[in-house]
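Structure data follow from work-v6.csv (CSV, C-alpha atoms):
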chain,number,residue,atom,x,y,z
A,1,MET,CA,14.7,-2.7,-69.0
A,2,PRO,CA,13.1,-5.1,-71.4
A,3,GLU,CA,14.8,-8.5,-71.8
A,4,ILE,CA,16.5,-8.8,-75.1
A,5,ALA,CA,18.6,-11.5,-76.6
A,6,MET,CA,22.2,-11.1,-75.7
A,7,PRO,CA,24.7,-11.6,-78.5
A,8,LEU,CA,26.8,-14.6,-78.0
A,9,ILE,CA,30.2,-13.5,-76.8
A,10,ASP,CA,32.8,-15.1,-74.7
A,11,PRO,CA,33.3,-12.4,-72.1
A,12,ALA,CA,36.8,-13.6,-71.0
A,13,ARG,CA,38.1,-13.4,-74.6
A,14,ALA,CA,36.0,-10.6,-76.0
A,15,ASP,CA,37.8,-7.3,-76.7
A,16,ASP,CA,36.8,-4.1,-75.0
A,17,GLU,CA,34.7,-3.0,-77.9
A,18,GLU,CA,32.6,-6.2,-77.9
A,19,LEU,CA,32.2,-6.0,-74.1
A,20,LEU,CA,31.2,-2.4,-74.4
A,21,ASP,CA,28.5,-3.3,-77.0
A,22,ALA,CA,27.2,-6.1,-74.7
A,23,LEU,CA,27.3,-3.8,-71.7
A,24,ARG,CA,25.1,-1.2,-73.5
A,25,LEU,CA,22.6,-4.0,-73.9
A,26,GLY,CA,22.7,-4.7,-70.2
A,27,ASP,CA,24.8,-7.9,-70.3
A,28,GLU,CA,26.0,-8.6,-66.8
A,29,ARG,CA,28.6,-11.0,-68.0
A,30,ALA,CA,30.2,-8.3,-70.0
A,31,TYR,CA,30.2,-6.1,-66.9
A,32,VAL,CA,31.8,-8.8,-64.8
A,33,ALA,CA,34.4,-9.4,-67.5
A,34,LEU,CA,35.4,-5.7,-67.5
A,35,VAL,CA,35.5,-5.6,-63.7
A,36,ARG,CA,37.9,-8.6,-63.7
A,37,ARG,CA,39.9,-7.1,-66.5
A,38,TYR,CA,40.4,-3.7,-65.0
A,39,GLY,CA,39.4,-3.8,-61.4
A,40,GLY,CA,42.7,-4.8,-59.9
A,41,LEU,CA,44.6,-2.1,-61.8
A,42,MET,CA,41.9,0.5,-61.0
A,43,GLN,CA,42.4,-0.3,-57.3
A,44,ARG,CA,46.2,0.2,-57.6
A,45,VAL,CA,45.8,3.4,-59.6
A,46,ALA,CA,43.2,4.8,-57.1
A,47,LEU,CA,45.8,4.2,-54.3
A,48,ASN,CA,48.0,6.8,-56.0
A,49,TYR,CA,45.6,9.4,-54.8
A,50,VAL,CA,43.9,8.2,-51.6
A,51,ARG,CA,45.3,6.8,-48.4
A,52,THR,CA,43.5,3.5,-47.7
A,53,PRO,CA,42.5,0.4,-49.7
A,54,ALA,CA,38.9,0.9,-48.4
A,55,VAL,CA,38.7,4.4,-49.8
A,56,ALA,CA,40.3,3.2,-53.1
A,57,GLU,CA,37.6,0.5,-53.3
A,58,GLU,CA,34.9,3.1,-52.9
A,59,VAL,CA,36.5,5.2,-55.6
A,60,VAL,CA,36.5,2.1,-57.9
A,61,GLN,CA,32.8,1.5,-57.1
A,62,GLU,CA,31.9,5.1,-57.8
A,63,THR,CA,33.8,4.9,-61.0
A,64,TRP,CA,31.8,1.9,-62.3
A,65,CYS,CA,28.6,3.7,-61.3
A,66,ALA,CA,29.7,6.7,-63.3
A,67,VAL,CA,30.7,4.5,-66.2
A,68,LEU,CA,27.3,2.9,-66.3
A,69,THR,CA,25.3,6.1,-66.1
A,70,GLY,CA,27.6,7.7,-68.6
A,71,LEU,CA,27.5,4.9,-71.1
A,72,GLU,CA,24.8,6.6,-73.1
A,73,ARG,CA,26.9,9.7,-73.6
A,74,PHE,CA,30.1,7.8,-74.3
A,75,GLU,CA,30.7,8.0,-78.0
A,76,GLY,CA,33.7,5.8,-78.1
A,77,ARG,CA,36.1,8.6,-79.3
A,78,ALA,CA,38.6,7.5,-76.7
A,79,ALA,CA,39.3,3.8,-75.9
A,80,LEU,CA,37.0,2.4,-73.2
A,81,LYS,CA,39.9,1.9,-70.9
A,82,THR,CA,41.2,5.4,-71.3
A,83,TRP,CA,37.7,6.8,-70.5
A,84,LEU,CA,37.4,4.4,-67.6
A,85,PHE,CA,40.7,5.4,-66.1
A,86,ARG,CA,40.1,9.1,-66.7
A,87,ILE,CA,36.9,8.9,-64.6
A,88,LEU,CA,38.8,6.9,-62.0
A,89,THR,CA,41.7,9.3,-61.6
A,90,ASN,CA,39.4,12.4,-61.5
A,91,ARG,CA,37.3,10.8,-58.7
A,92,ALA,CA,40.4,9.6,-56.9
A,93,LYS,CA,42.0,13.0,-57.0
A,94,THR,CA,38.9,14.7,-55.7
A,95,ARG,CA,38.7,12.1,-52.9
A,96,GLY,CA,42.4,12.6,-52.2
A,97,GLN,CA,42.1,16.3,-51.9
A,98,ARG,CA,39.1,16.0,-49.6
A,99,GLU,CA,41.1,13.6,-47.4
A,100,ALA,CA,44.1,16.0,-47.4
A,101,ARG,CA,42.0,18.8,-46.0
A,102,THR,CA,40.8,16.7,-43.1
A,103,VAL,CA,43.9,14.6,-42.3
A,104,PRO,CA,47.5,15.7,-42.4
A,105,PHE,CA,48.7,13.9,-45.5
A,106,SER,CA,52.1,14.0,-47.0
A,107,SER,CA,51.8,13.1,-50.7
A,108,LEU,CA,52.5,9.5,-51.5
A,109,ALA,CA,54.3,10.8,-54.5
A,110,GLY,CA,56.7,12.7,-52.2
A,111,ASP,CA,60.1,11.0,-52.2
A,112,GLU,CA,59.8,8.5,-55.0
A,113,GLU,CA,61.6,10.5,-57.7
A,114,GLY,CA,64.6,10.7,-55.5
A,115,ASP,CA,64.4,7.3,-54.0
A,116,GLY,CA,67.8,6.2,-54.8
A,117,PRO,CA,69.8,4.9,-57.7
A,118,SER,CA,69.0,1.8,-59.8
A,119,VAL,CA,71.9,-0.1,-58.3
A,120,ASP,CA,73.5,0.2,-54.8
A,121,PRO,CA,76.3,2.8,-55.3
A,122,ASP,CA,78.6,0.6,-53.2
A,123,ARG,CA,78.8,-1.8,-56.1
A,124,PHE,CA,80.7,0.7,-58.2
A,125,LEU,CA,84.2,2.0,-57.8
A,126,PRO,CA,84.4,5.6,-56.4
A,127,ALA,CA,84.4,8.6,-58.7
A,128,ASP,CA,88.0,9.4,-57.8
A,129,HIS,CA,89.2,5.9,-58.7
A,130,PRO,CA,92.5,6.4,-60.6
A,131,HIS,CA,91.6,4.0,-63.4
A,132,TRP,CA,88.0,3.0,-63.5
A,133,PRO,CA,85.8,5.6,-61.8
A,134,GLY,CA,82.1,4.5,-61.7
A,135,HIS,CA,82.7,1.1,-63.0
A,136,TRP,CA,81.5,-2.1,-61.4
A,137,ALA,CA,83.6,-3.0,-58.3
A,138,ALA,CA,82.0,-6.5,-58.5
A,139,GLY,CA,79.8,-7.1,-61.5
A,140,PRO,CA,76.2,-8.3,-61.2
A,141,THR,CA,75.7,-11.9,-60.2
A,142,GLN,CA,75.2,-13.8,-63.4
A,143,TRP,CA,71.7,-15.1,-64.0
A,144,SER,CA,70.6,-13.7,-67.3
A,145,ALA,CA,70.9,-17.1,-69.0
A,146,VAL,CA,68.6,-19.0,-66.7
A,147,PRO,CA,66.1,-21.1,-68.6
A,148,HIS,CA,62.6,-19.7,-69.3
A,149,GLU,CA,61.0,-22.2,-66.9
A,150,ARG,CA,63.1,-20.8,-64.0
A,151,LEU,CA,61.5,-17.5,-64.4
A,152,LEU,CA,58.1,-19.1,-64.5
A,153,ALA,CA,58.6,-20.8,-61.1
A,154,ARG,CA,56.0,-20.0,-58.5
A,155,GLU,CA,58.7,-18.7,-56.1
A,156,VAL,CA,60.1,-16.3,-58.7
A,157,ARG,CA,56.6,-15.0,-59.5
A,158,SER,CA,55.9,-14.5,-55.9
A,159,ARG,CA,59.2,-12.6,-55.4
A,160,ILE,CA,58.2,-10.4,-58.2
A,161,ARG,CA,54.8,-9.8,-56.7
A,162,CYS,CA,56.3,-8.8,-53.4
A,163,ALA,CA,58.8,-6.5,-55.0
A,164,ILE,CA,56.1,-4.7,-56.9
A,165,ASP,CA,53.7,-4.5,-53.9
A,166,GLY,CA,56.6,-2.9,-52.0
A,167,LEU,CA,57.1,-0.1,-54.5
A,168,PRO,CA,55.7,3.4,-54.1
A,169,GLU,CA,52.2,3.5,-55.5
A,170,ARG,CA,52.9,5.5,-58.6
A,171,GLN,CA,55.7,3.1,-59.6
A,172,GLN,CA,53.3,0.2,-59.0
A,173,ALA,CA,50.7,1.7,-61.3
A,174,VAL,CA,53.2,2.4,-64.0
A,175,ILE,CA,55.0,-0.9,-64.0
A,176,VAL,CA,51.7,-2.9,-63.9
A,177,MET,CA,50.2,-0.9,-66.7
A,178,ARG,CA,53.3,-1.1,-68.9
A,179,ASP,CA,54.9,-4.5,-68.1
A,180,VAL,CA,51.9,-6.5,-67.0
A,181,GLU,CA,49.0,-5.1,-69.0
A,182,GLY,CA,51.2,-4.0,-71.9
A,183,TRP,CA,49.8,-0.4,-72.2
A,184,PRO,CA,51.7,1.9,-74.6
A,185,PRO,CA,53.5,4.7,-72.8
A,186,GLU,CA,51.3,7.4,-74.2
A,187,GLU,CA,48.2,5.9,-72.6
A,188,VAL,CA,49.9,5.6,-69.2
A,189,CYS,CA,51.0,9.2,-69.4
A,190,GLU,CA,47.5,10.3,-70.3
A,191,VAL,CA,45.7,8.4,-67.6
A,192,LEU,CA,48.2,9.2,-64.8
A,193,ALA,CA,48.8,12.7,-66.0
A,194,LEU,CA,52.6,12.1,-66.3
A,195,SER,CA,55.1,13.6,-68.7
A,196,GLU,CA,56.8,11.1,-70.9
A,197,GLY,CA,60.0,11.6,-69.0
A,198,ASN,CA,58.4,11.1,-65.6
A,199,GLN,CA,56.7,8.0,-66.8
A,200,ARG,CA,60.0,6.6,-67.9
A,201,VAL,CA,61.7,7.5,-64.6
A,202,LEU,CA,59.0,5.8,-62.6
A,203,LEU,CA,59.1,2.7,-64.8
A,204,HIS,CA,62.9,2.5,-64.6
A,205,ARG,CA,62.9,2.8,-60.8
A,206,ALA,CA,60.3,0.1,-60.6
A,207,ARG,CA,62.0,-2.3,-63.0
A,208,SER,CA,65.4,-1.7,-61.3
A,209,ARG,CA,63.9,-2.7,-58.0
A,210,VAL,CA,62.5,-5.9,-59.4
A,211,ARG,CA,65.7,-6.7,-61.1
A,212,ALA,CA,67.6,-6.3,-57.9
A,213,GLU,CA,65.1,-8.6,-56.1
A,214,LEU,CA,65.7,-11.2,-58.8
A,215,GLU,CA,69.4,-10.8,-58.5
A,216,ARG,CA,69.2,-11.4,-54.7
A,217,TYR,CA,67.0,-14.4,-55.3
A,218,PHE,CA,69.4,-16.0,-57.7
A,219,ALA,CA,72.5,-15.0,-55.7
A,220,ASP,CA,71.1,-16.5,-52.5
A,221,GLU,CA,71.3,-20.0,-54.0
A,222,PRO,CA,73.6,-20.3,-56.9
A,223,GLU,CA,72.2,-23.6,-57.9
A,224,ARG,CA,69.0,-21.7,-58.9
A,225,VAL,CA,70.9,-20.3,-61.8
B,1,MET,CA,86.0,-2.6,-69.1
B,2,THR,CA,88.4,0.1,-70.1
B,3,GLN,CA,89.2,3.5,-68.6
B,4,ASP,CA,88.6,5.3,-71.9
B,5,LEU,CA,84.8,4.8,-71.9
B,6,ASP,CA,83.1,8.1,-71.5
B,7,LEU,CA,80.0,6.5,-70.0
B,8,SER,CA,80.6,4.7,-66.7
B,9,CYS,CA,78.7,1.6,-65.6
B,10,LYS,CA,77.2,3.6,-62.8
B,11,GLU,CA,75.7,6.0,-65.4
B,12,LEU,CA,74.7,3.2,-67.8
B,13,VAL,CA,72.5,1.4,-65.3
B,14,GLU,CA,70.3,4.6,-65.1
B,15,LEU,CA,69.7,4.6,-68.8
B,16,VAL,CA,68.6,1.1,-69.5
B,17,THR,CA,64.8,1.8,-69.8
B,18,ALA,CA,65.4,4.7,-72.1
B,19,TYR,CA,67.8,2.5,-74.1
B,20,VAL,CA,65.4,-0.4,-74.5
B,21,GLU,CA,62.5,2.0,-75.4
B,22,GLY,CA,64.6,3.7,-78.0
B,23,ALA,CA,64.3,7.0,-76.2
B,24,LEU,CA,68.0,7.9,-76.0
B,25,PRO,CA,69.4,10.6,-78.3
B,26,THR,CA,71.7,9.2,-81.0
B,27,ASP,CA,75.0,10.3,-79.4
B,28,GLU,CA,74.0,8.8,-76.0
B,29,ARG,CA,72.8,5.6,-77.7
B,30,ASN,CA,76.2,5.4,-79.4
B,31,ARG,CA,78.0,5.8,-76.2
B,32,PHE,CA,75.8,3.2,-74.6
B,33,ASP,CA,76.5,0.7,-77.4
B,34,ALA,CA,80.2,1.4,-77.4
B,35,HIS,CA,80.2,0.7,-73.6
B,36,LEU,CA,78.5,-2.6,-74.2
B,37,THR,CA,81.1,-3.7,-76.7
B,38,GLN,CA,83.7,-3.5,-74.0
B,39,CYS,CA,82.0,-4.3,-70.7
B,40,PRO,CA,80.7,-7.8,-70.2
B,41,ASP,CA,79.3,-6.9,-66.8
B,42,CYS,CA,77.0,-4.3,-68.3
B,43,VAL,CA,76.0,-6.7,-71.1
B,44,GLU,CA,74.9,-9.0,-68.3
B,45,TYR,CA,73.1,-6.2,-66.5
B,46,VAL,CA,71.2,-5.2,-69.6
B,47,ALA,CA,70.3,-8.8,-70.3
B,48,GLN,CA,69.0,-9.2,-66.8
B,49,PHE,CA,67.0,-6.1,-67.1
B,50,CYS,CA,65.3,-7.4,-70.3
B,51,ARG,CA,64.7,-10.7,-68.7
B,52,THR,CA,63.2,-8.9,-65.7
B,53,ILE,CA,60.7,-7.2,-67.9
B,54,ALA,CA,59.8,-10.5,-69.5
B,55,ALA,CA,59.5,-12.1,-66.1
B,56,ILE,CA,57.1,-9.4,-64.8
B,57,GLY,CA,54.8,-10.2,-67.7
B,58,LEU,CA,55.0,-13.9,-66.8
B,59,ALA,CA,54.1,-13.1,-63.2
B,60,ALA,CA,50.9,-11.5,-64.3
B,61,PRO,CA,48.6,-14.1,-62.8
B,62,GLU,CA,50.3,-13.6,-59.4
B,63,LEU,CA,49.8,-9.9,-59.7
B,64,GLU,CA,46.1,-9.9,-60.3
B,65,ARG,CA,44.1,-8.5,-57.5
B,66,THR,CA,40.6,-9.5,-58.0
B,67,PRO,CA,38.4,-6.7,-56.8
B,68,PRO,CA,35.5,-7.6,-54.5
B,69,VAL,CA,32.9,-8.2,-57.2
B,70,THR,CA,29.9,-8.3,-54.8
B,71,GLY,CA,29.7,-4.6,-54.2
B,72,LEU,CA,30.4,-3.9,-57.9
B,73,LEU,CA,27.6,-6.3,-59.0
B,74,ARG,CA,25.2,-4.3,-56.8
B,75,VAL,CA,26.2,-1.2,-58.7
B,76,PHE,CA,25.3,-2.9,-61.9
B,77,ARG,CA,22.0,-4.4,-60.8
B,78,ASP,CA,20.9,-1.1,-59.3
B,79,TRP,CA,21.7,0.6,-62.6
B,80,LYS,CA,19.9,-2.0,-64.6
B,81,ARG,CA,16.8,-1.9,-62.3
B,82,VAL,CA,16.3,1.8,-62.8
B,83,GLY,CA,16.3,1.4,-66.5
B,84,GLY,CA,20.0,1.2,-67.4
B,85,ASN,CA,20.8,2.8,-70.7
B,86,GLU,CA,17.4,4.3,-71.5
B,87,GLY,CA,18.6,6.1,-74.5
B,88,VAL,CA,19.2,2.9,-76.3
B,89,LEU,CA,16.5,0.5,-75.0
For the file at hand, write its structure as structure tokens.
Amino acid sequence: MPEIAMPLIDPARADDEELLDALRLGDERAYVALVRRYGGLMQRVALNYVRTPAVAEEVVQETWCAVLTGLERFEGRAALKTWLFRILTNRAKTRGQREARTVPFSSLAGDEEGDGPSVDPDRFLPADHPHWPGHWAAGPTQWSAVPHERLLAREVRSRIRCAIDGLPERQQAVIVMRDVEGWPPEEVCEVLALSEGNQRVLLHRARSRVRAELERYFADEPERV
Amino acid sequence: MTQDLDLSCKELVELVTAYVEGALPTDERNRFDAHLTQCPDCVEYVAQFCRTIAAIGLAAPELERTPPVTGLLRVFRDWKRVGGNEGVL
């Protein structure tokens, strides 16, 4: 490929369109910026379909390879990230199916839809309570008024990370796309092949888990609130 | 908290995402709002839920998993070596 002058872009700040243009010109910095931007999420999403991080990494690598070789044909009708994640999920699915034929594999998605209520049922009065069935027996520990800086504390962020890392893979993918990356719900549905309702259920489960973790954190030491 | 509410706290906590996303049908949304006017515990719960969503956004740097760039760079350099995007250049 002949050397050509690269346009002056700041890869960390450039939007996807600018990075795509630079990538078409063979700009390695644009490539690295896209890898940084989407690589972590791609790994999480790949883990929805395959069993091990190592295989997920391979899928991510194959995806970049396919993206680069397909650049020429990519007309930009879909957003770059939608195209990228469509390739990723297709490849990950194929890999997952191949794995499933060779190894007994119960779907990761198996029990997560029914993985329990948002709040421990013991915290509510029983359904046959004479006055207040289904109402809080003891309300949630108050912490909603904590100052902004408290939520920014390293310990809080690390609790959140642990809570998210402990979620079933599909919930992880949905909550990271929605609440960390700020994707609109339609795009998450498209990329993960979820119905709108399913997407919301997964997101709600995930958020509920993280809220419960924060409640535990603030309840453990009241002076944190 | 009153016994006349036709949406219990236990039901309400399952609807919070749908509520904040504006995805509840009008009648359900009205019941949700009516419940909140009478139940400080659920007001606290919904407020916590919203702050949780904000906190997840704030935790973004902690959540980033930097992929192993070395292998991915090889993919790029191989692509570039064999001519990259020949259709354009």
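Here atom CA of Glu99 of chain A and atom CA of Trp83 of chain A stand 24.3 Å from one another.
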Exercise: Arg51 of chain B partners within 7 Å, all atoms listed in the file, chain neighbours under 4 positions left out, as a PDB file with C-alpha atoms, in the frame of the given file:
ATOM      1  CA  SER A 144      70.600 -13.700 -67.300  1.00  0.00           C
TER       2      SER A 144
ATOM      3  CA  ALA B  47      70.300  -8.800 -70.300  1.00  0.00           C
ATOM      4  CA  ALA B  55      59.500 -12.100 -66.100  1.00  0.00           C
TER       5      ALA B  55
END
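Residues near the point (73.4, 6.8, -66.7), at a distance of 12 Å or less over all atoms listed in the file, make up Pro117, Ser118, Val119, Gly134, His135, Val201 and His204 of chain A; Asp6, Leu7, Ser8, Cys9, Lys10, Glu11, Leu12, Val13, Glu14, Leu15, Val16, Thr17, Ala18, Tyr19, Leu24, Glu28, Arg29, Arg31, Phe32, His35 and Cys42 of chain B.
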Contact residues (chain A, partner chain B, 8 Å, only C-alpha atoms) as a ChimeraX atom specification: /A:1-2,24-26,28,31-32,35-36,39-41,43,61,64-65,68-69,71-72,117-119,121,124,131-136,139-140,142-144,151-152,157-158,160-161,179-181,200,203-204,207-208,210-211,214
Could you please determine the separation between atom CA of Asp33 of chain B and atom CA of Val20 of chain B in Å, to one decimal place? 11.5 Å
Nearby residues (all atoms listed in the file) at most 12 Å from Asp15 of chain A, same-chain spacing under 2 positions excluded, as a list of chain:residue names: A:Ile9, A:Asp10, A:Pro11, A:Ala12, A:Arg13, A:Glu17, A:Glu18, A:Leu19, A:Leu20, A:Asp21, A:Ala22, A:Ala30, A:Ala33, A:Leu34, A:Arg37, A:Ala79, A:Leu80, A:Lys81
How would the residues just chosen look if you wrote them out with C-alpha atoms as a tab-separated table (two decimals), in the frame of the given file?
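out.tsv, written as the output of this step:
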chain	number	residue	atom	x	y	z
A	9	ILE	CA	30.20	-13.50	-76.80
A	10	ASP	CA	32.80	-15.10	-74.70
A	11	PRO	CA	33.30	-12.40	-72.10
A	12	ALA	CA	36.80	-13.60	-71.00
A	13	ARG	CA	38.10	-13.40	-74.60
A	17	GLU	CA	34.70	-3.00	-77.90
A	18	GLU	CA	32.60	-6.20	-77.90
A	19	LEU	CA	32.20	-6.00	-74.10
A	20	LEU	CA	31.20	-2.40	-74.40
A	21	ASP	CA	28.50	-3.30	-77.00
A	22	ALA	CA	27.20	-6.10	-74.70
A	30	ALA	CA	30.20	-8.30	-70.00
A	33	ALA	CA	34.40	-9.40	-67.50
A	34	LEU	CA	35.40	-5.70	-67.50
A	37	ARG	CA	39.90	-7.10	-66.50
A	79	ALA	CA	39.30	3.80	-75.90
A	80	LEU	CA	37.00	2.40	-73.20
A	81	LYS	CA	39.90	1.90	-70.90
With a distance cut-off of 10 Å and only C-alpha atoms, select the neighbouring residues of Glu190 of chain A, excluding the residue or stretch itself and same-chain residues fewer than 6 positions from it, and output the selection as a PyMOL selection string. chain A and resi 82+85-86+196
